[in-house]
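Structure file protein09.txt (compact mmCIF, C-alpha atoms) is printed below.
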# COMPACT_ATOMS: atom_id res chain seq x y z
CA MET A 1386 0.00 0.00 0.00
CA ALA A 1387 1.39 3.40 -0.96
CA PRO A 1388 2.04 6.02 1.70
CA ARG A 1389 -0.81 8.44 2.21
CA PHE A 1390 -1.07 11.64 0.24
CA GLU A 1391 0.22 14.66 2.15
CA TYR A 1392 1.00 18.29 1.43
CA ALA A 1393 4.47 17.36 0.15
CA GLN A 1394 2.96 14.95 -2.38
CA ALA A 1395 0.44 17.56 -3.48
CA GLU A 1396 3.35 19.95 -4.02
CA GLU A 1397 5.20 17.31 -6.03
CA VAL A 1398 2.16 16.83 -8.27
CA ARG A 1399 1.71 20.57 -8.68
CA ASP A 1400 5.38 21.15 -9.50
CA ALA A 1401 5.87 18.16 -11.80
CA PHE A 1402 2.63 18.89 -13.67
CA ALA A 1403 3.68 22.53 -14.03
CA ARG A 1404 7.11 21.51 -15.38
CA HIS A 1405 5.44 19.34 -17.99
CA ALA A 1406 2.69 21.91 -18.66
CA VAL A 1407 -0.08 19.44 -17.85
CA ARG A 1408 -3.60 20.94 -17.91
CA TYR A 1409 -5.40 19.48 -14.89
CA LEU A 1410 -7.60 20.30 -11.95
CA PHE A 1411 -8.02 18.73 -8.55
CA ILE A 1412 -11.57 17.41 -8.38
CA GLY A 1413 -13.68 15.31 -6.02
CA LYS A 1414 -13.26 15.33 -2.30
CA SER A 1415 -9.52 16.00 -2.56
CA GLY A 1416 -10.37 19.17 -4.50
CA ALA A 1417 -12.93 20.19 -1.90
CA ILE A 1418 -10.36 19.61 0.85
CA LEU A 1419 -7.92 21.93 -0.90
CA LEU A 1420 -10.68 24.56 -0.88
CA GLY A 1421 -11.04 24.15 2.89
CA TYR A 1422 -13.64 21.40 3.20
CA PRO A 1423 -12.95 19.49 6.42
CA ASP A 1424 -13.31 15.80 5.68
CA THR A 1425 -11.23 12.71 4.97
CA THR A 1426 -10.41 10.94 1.76
CA GLN A 1427 -8.02 8.24 0.61
CA ASP A 1428 -6.64 9.40 -2.69
CA ALA A 1429 -6.33 12.40 -4.93
CA ASP A 1430 -8.50 12.80 -8.01
CA LEU A 1431 -7.20 14.78 -10.96
CA PHE A 1432 -9.33 15.96 -13.88
CA LEU A 1433 -7.12 16.13 -16.96
CA GLU A 1434 -7.81 17.79 -20.26
CA LYS A 1435 -8.41 15.05 -22.81
CA SER A 1436 -5.93 15.58 -25.62
CA GLU A 1437 -2.98 13.58 -26.86
CA SER A 1438 -0.51 16.36 -26.07
CA ASN A 1439 -1.85 16.71 -22.53
CA GLY A 1440 -1.86 12.96 -22.06
CA SER A 1441 1.77 12.81 -23.18
CA ALA A 1442 2.66 15.63 -20.79
CA ALA A 1443 0.89 13.78 -17.97
CA VAL A 1444 2.81 10.58 -18.71
CA GLY A 1445 6.08 12.51 -18.46
CA ALA A 1446 5.05 14.11 -15.18
CA LEU A 1447 3.77 10.85 -13.69
CA ARG A 1448 6.97 9.00 -14.56
CA GLU A 1449 8.99 11.80 -13.04
CA LEU A 1450 6.90 11.43 -9.88
CA GLY A 1451 7.77 7.73 -9.75
CA PHE A 1452 4.72 6.05 -11.25
CA ALA A 1453 5.83 2.83 -12.93
CA LEU A 1454 3.86 3.07 -16.16
CA THR A 1455 4.38 0.42 -18.79
CA GLU A 1456 4.33 1.58 -22.39
CA PRO A 1457 0.78 0.21 -23.02
CA GLN A 1458 -0.42 2.03 -19.88
CA ALA A 1459 1.30 5.24 -20.99
CA ASP A 1460 -0.44 4.89 -24.37
CA GLU A 1461 -3.81 4.62 -22.66
CA ILE A 1462 -3.17 7.82 -20.75
CA ARG A 1463 -2.01 9.57 -23.92
CA ARG A 1464 -5.20 8.47 -25.68
CA GLY A 1465 -7.24 9.69 -22.71
CA LYS A 1466 -9.21 6.79 -21.31
CA ASP A 1467 -12.08 8.27 -19.31
CA PHE A 1468 -10.80 6.90 -16.00
CA VAL A 1469 -7.39 5.62 -14.89
CA GLN A 1470 -6.65 4.37 -11.40
CA LEU A 1471 -2.98 4.42 -10.41
CA ARG A 1472 -1.75 2.30 -7.53
CA ASN A 1473 1.73 1.86 -8.99
CA GLY A 1474 3.45 4.92 -7.66
CA PRO A 1475 4.52 6.79 -4.55
CA PHE A 1476 0.87 7.56 -3.69
CA ASP A 1477 -2.56 6.66 -5.03
CA LEU A 1478 -3.95 8.79 -7.81
CA ASP A 1479 -7.11 8.66 -9.91
CA LEU A 1480 -7.02 10.34 -13.31
CA VAL A 1481 -10.39 11.40 -14.71
CA PHE A 1482 -10.61 12.60 -18.28
CA ALA A 1483 -14.40 12.90 -18.48
CA PRO A 1484 -15.95 13.37 -15.05
CA ASP A 1485 -19.68 12.88 -14.80
CA GLY A 1486 -21.66 16.12 -14.77
CA ILE A 1487 -19.01 18.39 -16.31
CA GLU A 1488 -19.36 19.22 -19.99
CA THR A 1489 -15.81 20.14 -20.92
CA PHE A 1490 -12.44 20.64 -19.30
CA GLU A 1491 -12.38 24.17 -20.66
CA SER A 1492 -15.61 25.13 -18.91
CA ALA A 1493 -14.30 23.77 -15.60
CA TRP A 1494 -10.93 25.48 -16.19
CA THR A 1495 -12.68 28.82 -16.66
CA ARG A 1496 -14.34 28.43 -13.25
CA ARG A 1497 -11.27 27.02 -11.46
CA VAL A 1498 -10.01 28.24 -8.11
CA GLU A 1499 -6.28 28.56 -7.36
CA VAL A 1500 -5.20 27.57 -3.85
CA GLU A 1501 -1.50 28.05 -3.16
CA GLY A 1502 -0.81 27.28 -6.81
CA PHE A 1503 -3.05 24.22 -6.87
CA PRO A 1504 -5.67 24.43 -9.62
CA VAL A 1505 -8.95 23.20 -8.17
CA CYS A 1506 -12.42 22.75 -9.64
CA HIS A 1507 -15.00 25.24 -8.44
CA PRO A 1508 -17.18 23.74 -5.68
CA ASP A 1509 -20.17 23.88 -8.05
CA ASP A 1510 -18.33 21.55 -10.44
CA ILE A 1511 -17.30 19.21 -7.62
CA ILE A 1512 -20.92 19.06 -6.47
CA ARG A 1513 -22.24 18.60 -10.02
CA SER A 1514 -19.88 15.70 -10.66
CA LYS A 1515 -20.89 14.00 -7.41
CA GLU A 1516 -24.58 14.54 -8.16
CA ALA A 1517 -24.13 13.02 -11.62
CA ALA A 1518 -22.03 10.10 -10.34
CA ASN A 1519 -24.84 9.35 -7.88
CA ARG A 1520 -22.91 6.79 -5.86
CA VAL A 1521 -24.00 5.88 -2.35
CA LYS A 1522 -20.97 7.61 -0.85
CA ASP A 1523 -21.60 10.75 -2.92
CA ARG A 1524 -25.26 10.95 -1.89
CA GLU A 1525 -24.21 10.68 1.74
CA SER A 1526 -21.64 13.45 1.47
CA LEU A 1527 -23.60 15.91 -0.68
CA PRO A 1528 -25.64 17.73 2.02
CA ARG A 1529 -22.47 18.66 3.94
CA LEU A 1530 -20.62 19.52 0.74
CA ARG A 1531 -23.46 21.81 -0.33
CA ALA A 1532 -23.39 23.49 3.08
CA PHE A 1533 -19.64 24.01 2.65
CA ARG A 1534 -20.21 25.52 -0.78
CA GLU A 1535 -22.58 28.10 0.77
CA TYR A 1536 -20.04 28.88 3.48
CA TRP A 1537 -17.20 29.11 0.94
CA VAL A 1538 -19.14 31.50 -1.31
CA ARG A 1539 -20.10 33.74 1.65
CA ARG A 1540 -16.52 33.81 2.85
CA ARG A 1541 -15.17 34.90 -0.54
CA ARG A 1542 -17.53 37.88 -0.84
CA MET B 1418 -36.71 18.51 5.16
CA GLU B 1419 -35.45 15.91 2.66
CA PRO B 1420 -33.88 12.68 3.90
CA GLY B 1421 -30.20 13.21 4.56
CA GLU B 1422 -30.63 16.97 4.90
CA PRO B 1423 -29.21 18.41 8.12
CA ASP B 1424 -31.27 19.80 10.96
CA GLU B 1425 -30.42 23.16 12.48
CA ALA B 1426 -28.08 21.70 15.12
CA GLU B 1427 -26.16 19.82 12.45
CA ARG B 1428 -25.92 22.94 10.28
CA LEU B 1429 -24.43 24.86 13.19
CA GLU B 1430 -22.01 22.06 13.89
CA TRP B 1431 -20.89 22.00 10.26
CA ALA B 1432 -20.50 25.78 10.20
CA ALA B 1433 -18.22 25.55 13.25
CA GLU B 1434 -16.18 22.83 11.52
CA PHE B 1435 -15.84 24.97 8.37
CA GLU B 1436 -14.68 27.93 10.46
CA ALA B 1437 -12.17 25.81 12.34
CA ALA B 1438 -10.81 24.35 9.08
CA ALA B 1439 -10.48 27.82 7.58
CA ARG B 1440 -8.18 28.79 10.45
CA ARG B 1441 -5.79 25.92 9.74
CA PRO B 1442 -3.03 26.23 7.15
CA LEU B 1443 -3.43 24.09 4.05
CA ARG B 1444 -0.53 21.85 5.05
CA THR B 1445 -2.31 20.96 8.32
CA ARG B 1446 -5.65 20.46 6.58
CA LEU B 1447 -4.09 17.97 4.19
CA ARG B 1448 -2.40 16.11 7.04
CA TYR B 1449 -5.79 15.57 8.69
CA ALA B 1450 -7.65 14.86 5.46
CA PHE B 1451 -5.79 12.09 3.69
CA ILE B 1452 -6.06 8.73 5.37
CA HIS B 1453 -5.05 5.41 3.96
CA THR B 1454 -6.98 2.25 4.65
CA TYR B 1455 -7.02 -0.82 2.47
CA LYS B 1456 -10.04 -1.01 0.16
CA PRO B 1457 -10.65 -4.57 -0.97
CA VAL B 1458 -10.62 -5.20 -4.71
CA LEU B 1459 -10.11 -1.51 -5.47
CA ASP B 1460 -6.58 -1.53 -4.08
CA ASP B 1461 -5.68 -4.98 -5.38
CA ALA B 1462 -4.41 -3.94 -8.80
CA PRO B 1463 -1.56 -1.50 -9.47
CA TYR B 1464 -3.31 -0.07 -12.52
CA ARG B 1465 -6.82 -0.03 -13.99
CA SER B 1466 -8.32 1.92 -16.84
CA PHE B 1467 -11.78 2.28 -18.32
CA ASP B 1468 -12.76 3.60 -21.72
CA THR B 1469 -15.83 5.35 -20.33
CA MET B 1470 -17.07 6.48 -16.95
CA ALA B 1471 -20.15 4.31 -17.50
CA GLN B 1472 -17.88 1.25 -17.75
CA TYR B 1473 -16.06 2.32 -14.58
CA ARG B 1474 -19.35 2.81 -12.69
CA ALA B 1475 -20.64 -0.56 -13.89
CA TRP B 1476 -17.38 -2.23 -12.81
CA CYS B 1477 -17.64 -0.62 -9.35
CA ALA B 1478 -21.24 -1.76 -8.96
CA ARG B 1479 -20.40 -5.30 -10.08
CA GLU B 1480 -17.04 -5.91 -8.41
CA LEU B 1481 -16.75 -3.84 -5.25
CA PRO B 1482 -18.28 -4.69 -1.88
CA ASN B 1483 -21.46 -2.65 -1.31
CA TRP B 1484 -20.18 -1.22 1.94
CA LEU B 1485 -17.47 0.74 0.12
CA GLY B 1486 -20.26 2.94 -1.23
CA TYR B 1487 -19.12 3.01 -4.86
CA GLY B 1488 -22.37 1.51 -6.14
CA PRO B 1489 -25.25 3.59 -7.47
CA ALA B 1490 -27.54 5.28 -4.95
CA VAL B 1491 -31.07 3.90 -5.25

Could I get this structure in the form of structure tokens?
Amino acid sequence: MAPRFEYAQAEEVRDAFARHAVRYLFIGKSGAILLGYPDTTQDADLFLEKSESNGSAAVGALRELGFALTEPQADEIRRGKDFVQLRNGPFDLDLVFAPDGIETFESAWTRRVEVEGFPVCHPDDIIRSKEAANRVKDRESLPRLRAFREYWVRRRR
Amino acid sequence: MEPGEPDEAERLEWAAEFEAAARRPLRTRLRYAFIHTYKPVLDDAPYRSFDTMAQYRAWCARELPNWLGYGPAV
């Protein structure tokens, strides 16, 4: 089992992805946590722009971070499979190229929030994706996440 | 009030938690937030990929234990 994700690992992702010019956003509960949402999660979820050039950039960054990607796996990331789960690196990472409930990467990018250099989906997009995914664990967490969204919006005014 | 929606006491409790979190630096928030426990099946392969999110959701519903919560909400 990989060590848990901590601030240092988040920094490594941010810096490696910046070096390779990867277009991505933190999404899901890990994104909400970066925005200030107090809760627990097990892995980080990244929403990547689906293009071959961005996929290639992501492969470079992931290998630099220590993810042991075989060439067929790297090809899948370059081609932009909708969902890739990585448990072959220094920490666990989920790559999402087409999250439920979000039309395009560009639209989410326009609404993004920057937190200490971390690009994060707007809470509305995080909530929309959880509503659309409609998993048991999402349904359970949505009322508190919506309450956080209200708090977060008030606080930013 | 819809099922799962908070009552007033819960809302106040959440608001206090949000305020407390906002006072903590990001580094501290991340230290508290990321935990690592073994998730059966999900953590048993070093790599998985799915062509579509629908395929991923269907795989979760079919393969993962219900208690993990990855299945569809009824």

Taking only C-alpha atoms into account, produce a table as a Markdown table in which each residue of chain B with an atom at most 8 Å from an atom of chain A appears once, together with its shortest atom pair and the distance in Å to one decimal, ordered by chain and rising number.
| residue | atom | partner | partner_atom | distance |
| --- | --- | --- | --- | --- |
| B:Gly1421 | CA | A:Pro1528 | CA | 6.9 |
| B:Glu1422 | CA | A:Pro1528 | CA | 5.8 |
| B:Pro1423 | CA | A:Pro1528 | CA | 7.1 |
| B:Arg1428 | CA | A:Ala1532 | CA | 7.7 |
| B:Trp1431 | CA | A:Arg1529 | CA | 7.3 |
| B:Ala1432 | CA | A:Tyr1536 | CA | 7.4 |
| B:Glu1434 | CA | A:Pro1423 | CA | 6.9 |
| B:Phe1435 | CA | A:Pro1423 | CA | 6.5 |
| B:Ala1438 | CA | A:Pro1423 | CA | 5.9 |
| B:Ala1439 | CA | A:Gly1421 | CA | 6.0 |
| B:Leu1443 | CA | A:Leu1419 | CA | 7.0 |
| B:Arg1444 | CA | A:Tyr1392 | CA | 5.3 |
| B:Arg1446 | CA | A:Pro1423 | CA | 7.4 |
| B:Leu1447 | CA | A:Tyr1392 | CA | 5.8 |
| B:Arg1448 | CA | A:Glu1391 | CA | 5.7 |
| B:Tyr1449 | CA | A:Thr1425 | CA | 7.2 |
| B:Ala1450 | CA | A:Thr1425 | CA | 4.2 |
| B:Phe1451 | CA | A:Thr1426 | CA | 5.1 |
| B:Ile1452 | CA | A:Gln1427 | CA | 5.2 |
| B:His1453 | CA | A:Gln1427 | CA | 5.3 |
| B:Thr1454 | CA | A:Gln1427 | CA | 7.3 |
| B:Tyr1455 | CA | A:Met1386 | CA | 7.5 |
| B:Asp1460 | CA | A:Arg1472 | CA | 7.1 |
| B:Ala1462 | CA | A:Arg1472 | CA | 6.9 |
| B:Pro1463 | CA | A:Arg1472 | CA | 4.3 |
| B:Tyr1464 | CA | A:Leu1471 | CA | 5.0 |
| B:Arg1465 | CA | A:Gln1470 | CA | 5.1 |
| B:Ser1466 | CA | A:Val1469 | CA | 4.3 |
| B:Phe1467 | CA | A:Phe1468 | CA | 5.3 |
| B:Asp1468 | CA | A:Lys1466 | CA | 4.8 |
| B:Thr1469 | CA | A:Asp1467 | CA | 4.9 |
| B:Met1470 | CA | A:Asp1467 | CA | 5.8 |
| B:Tyr1473 | CA | A:Phe1468 | CA | 7.1 |
| B:Leu1485 | CA | A:Lys1522 | CA | 7.8 |
| B:Gly1486 | CA | A:Lys1522 | CA | 4.7 |
| B:Tyr1487 | CA | A:Arg1520 | CA | 5.4 |
| B:Gly1488 | CA | A:Arg1520 | CA | 5.3 |
| B:Pro1489 | CA | A:Arg1520 | CA | 4.3 |
| B:Ala1490 | CA | A:Val1521 | CA | 4.4 |
| B:Val1491 | CA | A:Val1521 | CA | 7.9 |

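One finds CA of Phe1490 in chain A at 24.0 Å from CA of Cys1477 in chain B.
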
Exercise for the section: Write out as JSON, numbers by chain each polymer residue whose atoms come within 9 Å of range 1399-1409 of chain A, counting all atoms listed in the file; drop sequence neighbours fewer than 2 positions from it. Expected result: {"A": [1394, 1395, 1396, 1397, 1411, 1431, 1432, 1433, 1434, 1438, 1439, 1440, 1441, 1442, 1443, 1445, 1446, 1447, 1449, 1450, 1490, 1494, 1502, 1503, 1504, 1505]}

Handout entry: Straight-line distance linking CA of Trp1476 in chain B with CA of Glu1491 in chain A, stated in Å to one decimal
Key =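 These atoms are spaced 28.0 Å apart.
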
Exercise for the section: Choose the residue, out of A:Ile1487, A:Val1398, A:Ala1417, A:Leu1410, that has the smallest atom-to-atom separation from Ser1514 in chain A; count only C-alpha atoms. Expected result: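 Using only C-alpha atoms, Ser1514 in chain A sits closest to A:Ile1487.
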
Handout entry: Two-atom distance - CA of Asp1509 in chain A, CA of Lys1435 in chain A (Å)
Key =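 Calculated distance between CA of Asp1509 in chain A and CA of Lys1435 in chain A is 20.8 Å.
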
Box for range 1443-1455 of chain B - axis-aligned, 5 Å on each of the six sides, all listed atoms - centre and size in Å to one decimal, as AutoDock Vina command-line options.
--center_x -4.1 --center_y 11.6 --center_z 5.6 --size_x 17.1 --size_y 34.9 --size_z 16.2

Problem - Given all atoms listed in the file as the counted atoms, nearest of A:Glu1516, A:Arg1463, A:Arg1497, A:Val1538 to Glu1437 in chain A - result: A:Arg1463
